[in-house]
Amino acid sequence: MVESTDAVPANGAVSIDGGDAPSRRRRLEPDERRAQILACAIDMFGERPYAAVSTAELAQRAGVARGLINHYFGNKRDLYLAVVRRMVTLPRPDAMTTPTGDIRERVDASVAWLLDTIGEHGHTWVKVTGHEGIGDDPEVQRILDDADTAAADRMVHMMGLEGSLHSDELRALVRCYGGLVKAAGREWIVRGSLSREQVHDLLADMLLTLVTQTFPNVHRGT
């Protein structure tokens with residue numbers, strides 16, 4: 001359901017603190033305004049259940065008129081889907097720095113980057129990847145599946161194995177590793193049963209085994 005909207009100021013001005021005084025307003029570019037709303041939504045969906053997130057409160061926190069949320073994202077579900085995409089979308093390859101060093105150093109650097117990325121919005125990431133938002137929603141599942149596929153394609157490409165006769169099996173192995181990442185992230189961020197260092201060691205050891213032993217064996221068809 002689309003919640004009722006407030007009128008958008010004709011001049012596009014946005015109140016940073018939700019107040020009406022002209023002196024407390026500044027003009028934001030559309031991309032900035034959209035990013036501001038999305039950042040607040042990421043925080044709020046990590047703090048509370050989906051049903052407890054109010055677009056009116058979100059607008060107040062973001063310092064925008066509520067109508068702007070509908071303008072940029074549609075209804076609350078559409079906004080949540082944007083949050084899901086943001087949480088699971090990998091950076092473009094040209095926006096990433098390729099780790100250097102021996103294979104263990106590169107694995108460690110890759111896992112450290114992954115945990116930095118997850119930890120930035122940890123609780124939101126756990127909820128999104130654990131289907132804790134709006135339940136069994138096919139659109140959420142499609143976004144998550146697409147993200148898993150993209151991550152698997154990226155890994156197989158980085159290993160130079162995209163032309164392998166067993167590329168489908170290799171991608172499936174990466175998706176299995178992704179399941180371990182999600183489970184380990186929950187233990188670290190939500191349950192506190194593992195430290196970041198322990199999660200790092202677990203994921204790095206498994207990734208090293210995957211790329212040095214499992215991948216070559218599957219590629220050879222053994």
# chains A, B, ... in the order shown; residues from 1 in each chain; ligands from 1
>>> residues_around(residues="Asp31 of chain A", least_positions_apart="6", cutoff="12 Å", atoms="only C-alpha atoms", output="PyMOL selection string")
chain A and resi 37-38+72
>>> write_last_selection(atoms="C-alpha atoms", output="mmCIF file, in the first residue's frame")
data_model
loop_
_atom_site.group_PDB
_atom_site.id
_atom_site.type_symbol
_atom_site.label_atom_id
_atom_site.label_comp_id
_atom_site.auth_asym_id
_atom_site.auth_seq_id
_atom_site.Cartn_x
_atom_site.Cartn_y
_atom_site.Cartn_z
ATOM 1 C CA ILE A 37 16.791 8.950 1.753
ATOM 2 C CA LEU A 38 18.322 5.571 0.898
ATOM 3 C CA TYR A 72 12.033 8.708 -5.792
#
>>> residues_around(residues="segment 118-132 of chain A", least_positions_apart="5", cutoff="6 Å", atoms="only C-alpha atoms", output="ChimeraX atom specification")
/A:46,84,87
>>> write_last_selection(atoms="C-alpha atoms", output="short mmCIF file (atom, residue, chain, number, x, y, z; two decimals), in the first residue's frame")
data_model
loop_
_atom_site.label_atom_id
_atom_site.label_comp_id
_atom_site.auth_asym_id
_atom_site.auth_seq_id
_atom_site.Cartn_x
_atom_site.Cartn_y
_atom_site.Cartn_z
CA GLY A 46 18.45 -2.55 10.15
CA VAL A 84 18.07 -4.95 -0.70
CA MET A 87 23.12 -4.32 0.32
#
>>> residues_around(residues="Cys40 of chain A", least_positions_apart="6", cutoff="7 Å", atoms="only C-alpha atoms", output="ChimeraX atom specification")
/A:58,61-62
>>> residues_around(residues="Tyr177 of chain A", least_positions_apart="4", cutoff="10 Å", atoms="only C-alpha atoms", output="JSON, numbers by chain")
{"A": [152, 171, 172, 173, 181, 182, 183, 203, 206, 207, 210]}
>>> write_last_selection(atoms="N, CA and C atoms", output="PDB file, in the first residue's frame")
ATOM      1  N   ALA A 152      29.178 -15.264  -8.271  1.00  0.00           N
ATOM      2  CA  ALA A 152      29.758 -16.498  -8.795  1.00  0.00           C
ATOM      3  C   ALA A 152      30.438 -16.250 -10.137  1.00  0.00           C
ATOM      4  N   ARG A 171      30.427 -22.318 -10.453  1.00  0.00           N
ATOM      5  CA  ARG A 171      29.546 -21.259  -9.963  1.00  0.00           C
ATOM      6  C   ARG A 171      28.713 -21.755  -8.779  1.00  0.00           C
ATOM      7  N   ALA A 172      28.290 -22.997  -8.836  1.00  0.00           N
ATOM      8  CA  ALA A 172      27.526 -23.565  -7.724  1.00  0.00           C
ATOM      9  C   ALA A 172      28.373 -23.620  -6.457  1.00  0.00           C
ATOM     10  N   LEU A 173      29.657 -23.917  -6.604  1.00  0.00           N
ATOM     11  CA  LEU A 173      30.551 -23.940  -5.445  1.00  0.00           C
ATOM     12  C   LEU A 173      30.672 -22.554  -4.822  1.00  0.00           C
ATOM     13  N   VAL A 181      29.285 -17.464   4.003  1.00  0.00           N
ATOM     14  CA  VAL A 181      29.489 -16.050   4.334  1.00  0.00           C
ATOM     15  C   VAL A 181      28.285 -15.504   5.098  1.00  0.00           C
ATOM     16  N   LYS A 182      27.086 -15.810   4.633  1.00  0.00           N
ATOM     17  CA  LYS A 182      25.875 -15.309   5.290  1.00  0.00           C
ATOM     18  C   LYS A 182      25.727 -15.881   6.695  1.00  0.00           C
ATOM     19  N   ALA A 183      25.992 -17.173   6.851  1.00  0.00           N
ATOM     20  CA  ALA A 183      25.879 -17.795   8.172  1.00  0.00           C
ATOM     21  C   ALA A 183      26.928 -17.238   9.131  1.00  0.00           C
ATOM     22  N   LEU A 203      36.513 -17.817   6.833  1.00  0.00           N
ATOM     23  CA  LEU A 203      36.209 -17.533   5.430  1.00  0.00           C
ATOM     24  C   LEU A 203      37.460 -17.566   4.560  1.00  0.00           C
ATOM     25  N   MET A 206      38.499 -21.268   4.020  1.00  0.00           N
ATOM     26  CA  MET A 206      37.599 -21.943   3.086  1.00  0.00           C
ATOM     27  C   MET A 206      37.781 -21.428   1.654  1.00  0.00           C
ATOM     28  N   LEU A 207      37.994 -20.120   1.516  1.00  0.00           N
ATOM     29  CA  LEU A 207      38.202 -19.563   0.179  1.00  0.00           C
ATOM     30  C   LEU A 207      39.514 -20.053  -0.414  1.00  0.00           C
ATOM     31  N   LEU A 210      38.981 -23.464  -1.586  1.00  0.00           N
ATOM     32  CA  LEU A 210      38.124 -23.450  -2.773  1.00  0.00           C
ATOM     33  C   LEU A 210      38.932 -23.167  -4.038  1.00  0.00           C
TER      34      LEU A 210
END
>>> atom_distance(atom1="atom CA of Asp201 of chain A", atom2="atom CA of Arg186 of chain A")
15.5 Å
>>> residues_around(residues="Ala82 of chain A", least_positions_apart="6", cutoff="10 Å", atoms="only C-alpha atoms", output="list in words")
Leu38, Ala41, Ile42, Phe73, Lys76, Val140 and Ile143 of chain A
>>> residues_around(residues="segment 49-51 of chain A", least_positions_apart="3", cutoff="7 Å", atoms="only C-alpha atoms", output="PyMOL selection string")
chain A and resi 45+133-134
>>> write_last_selection(atoms="N, CA and C atoms", output="mmCIF file, in the first residue's frame")
data_model
loop_
_atom_site.group_PDB
_atom_site.id
_atom_site.type_symbol
_atom_site.label_atom_id
_atom_site.label_comp_id
_atom_site.auth_asym_id
_atom_site.auth_seq_id
_atom_site.Cartn_x
_atom_site.Cartn_y
_atom_site.Cartn_z
ATOM 1 N N PHE A 45 15.827 0.130 8.416
ATOM 2 C CA PHE A 45 15.452 -1.268 8.198
ATOM 3 C C PHE A 45 16.386 -2.217 8.942
ATOM 4 N N GLY A 133 12.918 -9.340 6.137
ATOM 5 C CA GLY A 133 12.199 -8.109 5.854
ATOM 6 C C GLY A 133 10.727 -8.337 5.618
ATOM 7 N N ILE A 134 10.365 -8.615 4.369
ATOM 8 C CA ILE A 134 8.948 -8.770 4.032
ATOM 9 C C ILE A 134 8.620 -10.214 3.685
#
>>> closest_residue(among="A:Leu90, A:Gly185, A:Leu170, A:Leu81", to="Pro138 of chain A", atoms="only C-alpha atoms")
A:Leu81
>>> atom_distance(atom1="atom CA of Gly101 of chain A", atom2="atom CA of Ala151 of chain A")
22.2 Å
>>> closest_residue(among="A:Ala150, A:Val218, A:Ala56, A:Leu115", to="Thr89 of chain A", atoms="only C-alpha atoms")
A:Ala150
>>> select_by_dssp(residues="segment 104-156 of chain A", states="alpha helix (DSSP H)", output="NGL selection string")
:A and (104-120 or 122-129 or 138-156)
>>> write_last_selection(atoms="N, CA and C atoms", output="tab-separated table (two decimals), in the first residue's frame")
chain	number	residue	atom	x	y	z
A	104	ARG	N	47.67	-16.48	-0.51
A	104	ARG	CA	47.11	-16.29	0.83
A	104	ARG	C	46.90	-14.81	1.12
A	105	GLU	N	47.84	-13.98	0.74
A	105	GLU	CA	47.70	-12.54	0.96
A	105	GLU	C	46.52	-11.97	0.18
A	106	ARG	N	46.34	-12.45	-1.04
A	106	ARG	CA	45.21	-11.96	-1.84
A	106	ARG	C	43.88	-12.43	-1.27
A	107	VAL	N	43.85	-13.67	-0.79
A	107	VAL	CA	42.63	-14.18	-0.15
A	107	VAL	C	42.32	-13.38	1.11
A	108	ASP	N	43.33	-13.14	1.94
A	108	ASP	CA	43.13	-12.36	3.16
A	108	ASP	C	42.62	-10.96	2.84
A	109	ALA	N	43.20	-10.33	1.82
A	109	ALA	CA	42.77	-8.98	1.45
A	109	ALA	C	41.33	-8.99	0.94
A	110	SER	N	40.97	-10.02	0.19
A	110	SER	CA	39.60	-10.11	-0.34
A	110	SER	C	38.59	-10.31	0.78
A	111	VAL	N	38.92	-11.16	1.73
A	111	VAL	CA	38.01	-11.41	2.86
A	111	VAL	C	37.91	-10.18	3.75
A	112	ALA	N	39.02	-9.49	3.96
A	112	ALA	CA	38.98	-8.26	4.77
A	112	ALA	C	38.08	-7.23	4.11
A	113	TRP	N	38.18	-7.08	2.79
A	113	TRP	CA	37.30	-6.15	2.07
A	113	TRP	C	35.85	-6.57	2.22
A	114	LEU	N	35.58	-7.87	2.09
A	114	LEU	CA	34.22	-8.38	2.21
A	114	LEU	C	33.64	-8.07	3.58
A	115	LEU	N	34.41	-8.31	4.63
A	115	LEU	CA	33.91	-8.07	5.99
A	115	LEU	C	33.75	-6.58	6.27
A	116	ASP	N	34.62	-5.76	5.71
A	116	ASP	CA	34.44	-4.31	5.83
A	116	ASP	C	33.11	-3.89	5.20
A	117	THR	N	32.83	-4.45	4.03
A	117	THR	CA	31.59	-4.11	3.31
A	117	THR	C	30.37	-4.57	4.09
A	118	ILE	N	30.40	-5.80	4.57
A	118	ILE	CA	29.28	-6.34	5.35
A	118	ILE	C	29.09	-5.55	6.64
A	119	GLY	N	30.19	-5.27	7.32
A	119	GLY	CA	30.11	-4.62	8.62
A	119	GLY	C	29.62	-3.19	8.58
A	120	GLU	N	29.71	-2.54	7.42
A	120	GLU	CA	29.28	-1.14	7.33
A	120	GLU	C	27.82	-0.98	7.71
A	122	GLY	N	25.88	-3.82	9.04
A	122	GLY	CA	25.80	-5.23	9.38
A	122	GLY	C	24.41	-5.78	9.63
A	123	HIS	N	23.65	-5.12	10.50
A	123	HIS	CA	22.34	-5.65	10.86
A	123	HIS	C	21.39	-5.61	9.67
A	124	THR	N	21.48	-4.58	8.86
A	124	THR	CA	20.64	-4.53	7.66
A	124	THR	C	21.03	-5.63	6.70
A	125	TRP	N	22.31	-5.85	6.51
A	125	TRP	CA	22.78	-6.91	5.61
A	125	TRP	C	22.29	-8.27	6.07
A	126	VAL	N	22.37	-8.54	7.37
A	126	VAL	CA	21.91	-9.83	7.90
A	126	VAL	C	20.41	-10.01	7.65
A	127	LYS	N	19.64	-8.97	7.92
A	127	LYS	CA	18.19	-9.07	7.73
A	127	LYS	C	17.83	-9.27	6.26
A	128	VAL	N	18.50	-8.54	5.40
A	128	VAL	CA	18.21	-8.64	3.97
A	128	VAL	C	18.56	-10.02	3.44
A	129	THR	N	19.76	-10.50	3.74
A	129	THR	CA	20.19	-11.79	3.21
A	129	THR	C	19.51	-12.96	3.90
A	138	PRO	N	8.85	-12.82	-3.81
A	138	PRO	CA	9.57	-13.29	-5.00
A	138	PRO	C	10.54	-12.26	-5.58
A	139	GLU	N	10.23	-10.98	-5.45
A	139	GLU	CA	11.12	-9.96	-5.98
A	139	GLU	C	12.41	-9.87	-5.16
A	140	VAL	N	12.28	-9.98	-3.83
A	140	VAL	CA	13.47	-10.02	-2.98
A	140	VAL	C	14.32	-11.23	-3.34
A	141	GLN	N	13.67	-12.37	-3.49
A	141	GLN	CA	14.41	-13.59	-3.83
A	141	GLN	C	15.12	-13.44	-5.17
A	142	ARG	N	14.48	-12.80	-6.13
A	142	ARG	CA	15.11	-12.60	-7.44
A	142	ARG	C	16.35	-11.73	-7.31
A	143	ILE	N	16.26	-10.66	-6.51
A	143	ILE	CA	17.42	-9.78	-6.31
A	143	ILE	C	18.56	-10.54	-5.67
A	144	LEU	N	18.26	-11.34	-4.64
A	144	LEU	CA	19.29	-12.11	-3.96
A	144	LEU	C	19.90	-13.16	-4.89
A	145	ASP	N	19.06	-13.83	-5.67
A	145	ASP	CA	19.57	-14.82	-6.62
A	145	ASP	C	20.46	-14.17	-7.67
A	146	ASP	N	20.04	-13.02	-8.17
A	146	ASP	CA	20.86	-12.31	-9.16
A	146	ASP	C	22.21	-11.91	-8.57
A	147	ALA	N	22.20	-11.49	-7.30
A	147	ALA	CA	23.45	-11.10	-6.65
A	147	ALA	C	24.37	-12.31	-6.47
A	148	ASP	N	23.80	-13.45	-6.09
A	148	ASP	CA	24.60	-14.67	-5.95
A	148	ASP	C	25.20	-15.08	-7.30
A	149	THR	N	24.40	-14.96	-8.35
A	149	THR	CA	24.88	-15.31	-9.69
A	149	THR	C	26.01	-14.38	-10.13
A	150	ALA	N	25.84	-13.08	-9.87
A	150	ALA	CA	26.87	-12.11	-10.24
A	150	ALA	C	28.17	-12.38	-9.49
A	151	ALA	N	28.06	-12.71	-8.20
A	151	ALA	CA	29.26	-13.00	-7.40
A	151	ALA	C	29.96	-14.25	-7.92
A	152	ALA	N	29.18	-15.26	-8.27
A	152	ALA	CA	29.76	-16.50	-8.79
A	152	ALA	C	30.44	-16.25	-10.14
A	153	ASP	N	29.79	-15.48	-11.00
A	153	ASP	CA	30.39	-15.15	-12.30
A	153	ASP	C	31.70	-14.40	-12.11
A	154	ARG	N	31.70	-13.46	-11.16
A	154	ARG	CA	32.90	-12.66	-10.90
A	154	ARG	C	34.06	-13.55	-10.45
A	155	MET	N	33.77	-14.46	-9.53
A	155	MET	CA	34.82	-15.33	-9.01
A	155	MET	C	35.38	-16.25	-10.09
A	156	VAL	N	34.50	-16.87	-10.87
A	156	VAL	CA	34.95	-17.78	-11.92
A	156	VAL	C	35.76	-17.01	-12.97
>>> select_by_dssp(residues="segment 7-216 of chain A", states="strand (DSSP E)", output="tab-separated table (two decimals) with C-alpha atoms, in the first residue's frame")
chain	number	residue	atom	x	y	z
A	14	VAL	CA	14.78	20.11	1.58
A	15	SER	CA	14.79	20.70	5.30
A	25	ARG	CA	16.90	24.63	4.37
A	26	ARG	CA	19.38	23.95	1.62
>>> decode(residues="segment 91-192 of chain A", atoms="C-alpha atoms", output="mmCIF file, in the first residue's frame")
data_model
loop_
_atom_site.group_PDB
_atom_site.id
_atom_site.type_symbol
_atom_site.label_atom_id
_atom_site.label_comp_id
_atom_site.auth_asym_id
_atom_site.auth_seq_id
_atom_site.Cartn_x
_atom_site.Cartn_y
_atom_site.Cartn_z
ATOM 1 C CA PRO A 91 30.952 -2.766 -7.036
ATOM 2 C CA ARG A 92 31.863 -2.637 -10.712
ATOM 3 C CA PRO A 93 35.133 -4.479 -11.436
ATOM 4 C CA ASP A 94 36.818 -1.211 -12.463
ATOM 5 C CA ALA A 95 35.875 0.286 -9.090
ATOM 6 C CA MET A 96 37.694 -2.425 -7.139
ATOM 7 C CA THR A 97 41.395 -2.650 -6.334
ATOM 8 C CA THR A 98 42.850 -6.049 -7.197
ATOM 9 C CA PRO A 99 44.761 -7.470 -4.206
ATOM 10 C CA THR A 100 48.460 -8.174 -4.670
ATOM 11 C CA GLY A 101 50.887 -10.636 -3.084
ATOM 12 C CA ASP A 102 50.836 -14.420 -2.885
ATOM 13 C CA ILE A 103 47.587 -16.374 -2.963
ATOM 14 C CA ARG A 104 47.110 -16.292 0.828
ATOM 15 C CA GLU A 105 47.702 -12.539 0.963
ATOM 16 C CA ARG A 106 45.213 -11.964 -1.837
ATOM 17 C CA VAL A 107 42.633 -14.180 -0.146
ATOM 18 C CA ASP A 108 43.127 -12.362 3.163
ATOM 19 C CA ALA A 109 42.767 -8.979 1.446
ATOM 20 C CA SER A 110 39.603 -10.110 -0.340
ATOM 21 C CA VAL A 111 38.010 -11.414 2.856
ATOM 22 C CA ALA A 112 38.982 -8.262 4.767
ATOM 23 C CA TRP A 113 37.300 -6.146 2.072
ATOM 24 C CA LEU A 114 34.216 -8.376 2.206
ATOM 25 C CA LEU A 115 33.908 -8.070 5.990
ATOM 26 C CA ASP A 116 34.438 -4.307 5.826
ATOM 27 C CA THR A 117 31.594 -4.110 3.315
ATOM 28 C CA ILE A 118 29.282 -6.344 5.351
ATOM 29 C CA GLY A 119 30.112 -4.621 8.623
ATOM 30 C CA GLU A 120 29.282 -1.144 7.326
ATOM 31 C CA HIS A 121 25.556 -1.893 7.619
ATOM 32 C CA GLY A 122 25.804 -5.230 9.384
ATOM 33 C CA HIS A 123 22.338 -5.650 10.859
ATOM 34 C CA THR A 124 20.638 -4.527 7.663
ATOM 35 C CA TRP A 125 22.782 -6.906 5.614
ATOM 36 C CA VAL A 126 21.907 -9.832 7.896
ATOM 37 C CA LYS A 127 18.194 -9.075 7.731
ATOM 38 C CA VAL A 128 18.209 -8.636 3.970
ATOM 39 C CA THR A 129 20.188 -11.791 3.205
ATOM 40 C CA GLY A 130 18.235 -13.760 5.816
ATOM 41 C CA HIS A 131 14.800 -12.864 4.401
ATOM 42 C CA GLU A 132 13.811 -11.070 7.597
ATOM 43 C CA GLY A 133 12.199 -8.109 5.854
ATOM 44 C CA ILE A 134 8.948 -8.770 4.032
ATOM 45 C CA GLY A 135 9.024 -12.539 4.181
ATOM 46 C CA ASP A 136 8.826 -14.813 1.165
ATOM 47 C CA ASP A 137 8.739 -12.088 -1.462
ATOM 48 C CA PRO A 138 9.573 -13.289 -4.996
ATOM 49 C CA GLU A 139 11.125 -9.955 -5.979
ATOM 50 C CA VAL A 140 13.465 -10.016 -2.976
ATOM 51 C CA GLN A 141 14.407 -13.589 -3.834
ATOM 52 C CA ARG A 142 15.109 -12.597 -7.438
ATOM 53 C CA ILE A 143 17.417 -9.780 -6.313
ATOM 54 C CA LEU A 144 19.289 -12.112 -3.958
ATOM 55 C CA ASP A 145 19.570 -14.825 -6.616
ATOM 56 C CA ASP A 146 20.859 -12.308 -9.161
ATOM 57 C CA ALA A 147 23.453 -11.102 -6.645
ATOM 58 C CA ASP A 148 24.602 -14.668 -5.955
ATOM 59 C CA THR A 149 24.879 -15.310 -9.690
ATOM 60 C CA ALA A 150 26.874 -12.113 -10.237
ATOM 61 C CA ALA A 151 29.259 -12.995 -7.402
ATOM 62 C CA ALA A 152 29.758 -16.498 -8.795
ATOM 63 C CA ASP A 153 30.388 -15.152 -12.297
ATOM 64 C CA ARG A 154 32.901 -12.658 -10.904
ATOM 65 C CA MET A 155 34.825 -15.328 -9.006
ATOM 66 C CA VAL A 156 34.947 -17.776 -11.925
ATOM 67 C CA HIS A 157 36.092 -14.967 -14.236
ATOM 68 C CA MET A 158 38.805 -13.865 -11.799
ATOM 69 C CA MET A 159 40.094 -17.438 -11.754
ATOM 70 C CA GLY A 160 40.129 -17.511 -15.575
ATOM 71 C CA LEU A 161 37.789 -20.500 -15.634
ATOM 72 C CA GLU A 162 34.739 -19.050 -17.381
ATOM 73 C CA GLY A 163 35.452 -21.277 -20.397
ATOM 74 C CA SER A 164 35.640 -24.454 -18.326
ATOM 75 C CA LEU A 165 33.379 -27.351 -19.257
ATOM 76 C CA HIS A 166 32.502 -27.416 -15.556
ATOM 77 C CA SER A 167 31.780 -23.693 -15.169
ATOM 78 C CA ASP A 168 28.238 -24.338 -13.900
ATOM 79 C CA GLU A 169 29.610 -26.537 -11.125
ATOM 80 C CA LEU A 170 32.233 -23.927 -10.266
ATOM 81 C CA ARG A 171 29.546 -21.259 -9.963
ATOM 82 C CA ALA A 172 27.526 -23.565 -7.724
ATOM 83 C CA LEU A 173 30.551 -23.940 -5.445
ATOM 84 C CA VAL A 174 30.832 -20.163 -5.135
ATOM 85 C CA ARG A 175 27.143 -19.953 -4.228
ATOM 86 C CA CYS A 176 27.767 -22.542 -1.516
ATOM 87 C CA TYR A 177 30.595 -20.383 -0.206
ATOM 88 C CA GLY A 178 28.184 -17.445 -0.226
ATOM 89 C CA GLY A 179 25.906 -19.409 2.096
ATOM 90 C CA LEU A 180 28.825 -19.799 4.506
ATOM 91 C CA VAL A 181 29.489 -16.050 4.334
ATOM 92 C CA LYS A 182 25.875 -15.309 5.290
ATOM 93 C CA ALA A 183 25.879 -17.795 8.172
ATOM 94 C CA ALA A 184 29.226 -16.552 9.491
ATOM 95 C CA GLY A 185 28.073 -12.945 9.201
ATOM 96 C CA ARG A 186 25.052 -13.704 11.377
ATOM 97 C CA GLU A 187 27.216 -15.395 14.034
ATOM 98 C CA TRP A 188 29.493 -12.354 14.124
ATOM 99 C CA ILE A 189 27.039 -9.466 13.818
ATOM 100 C CA VAL A 190 23.843 -10.713 15.467
ATOM 101 C CA ARG A 191 24.750 -13.529 17.836
ATOM 102 C CA GLY A 192 28.214 -12.332 18.787
#
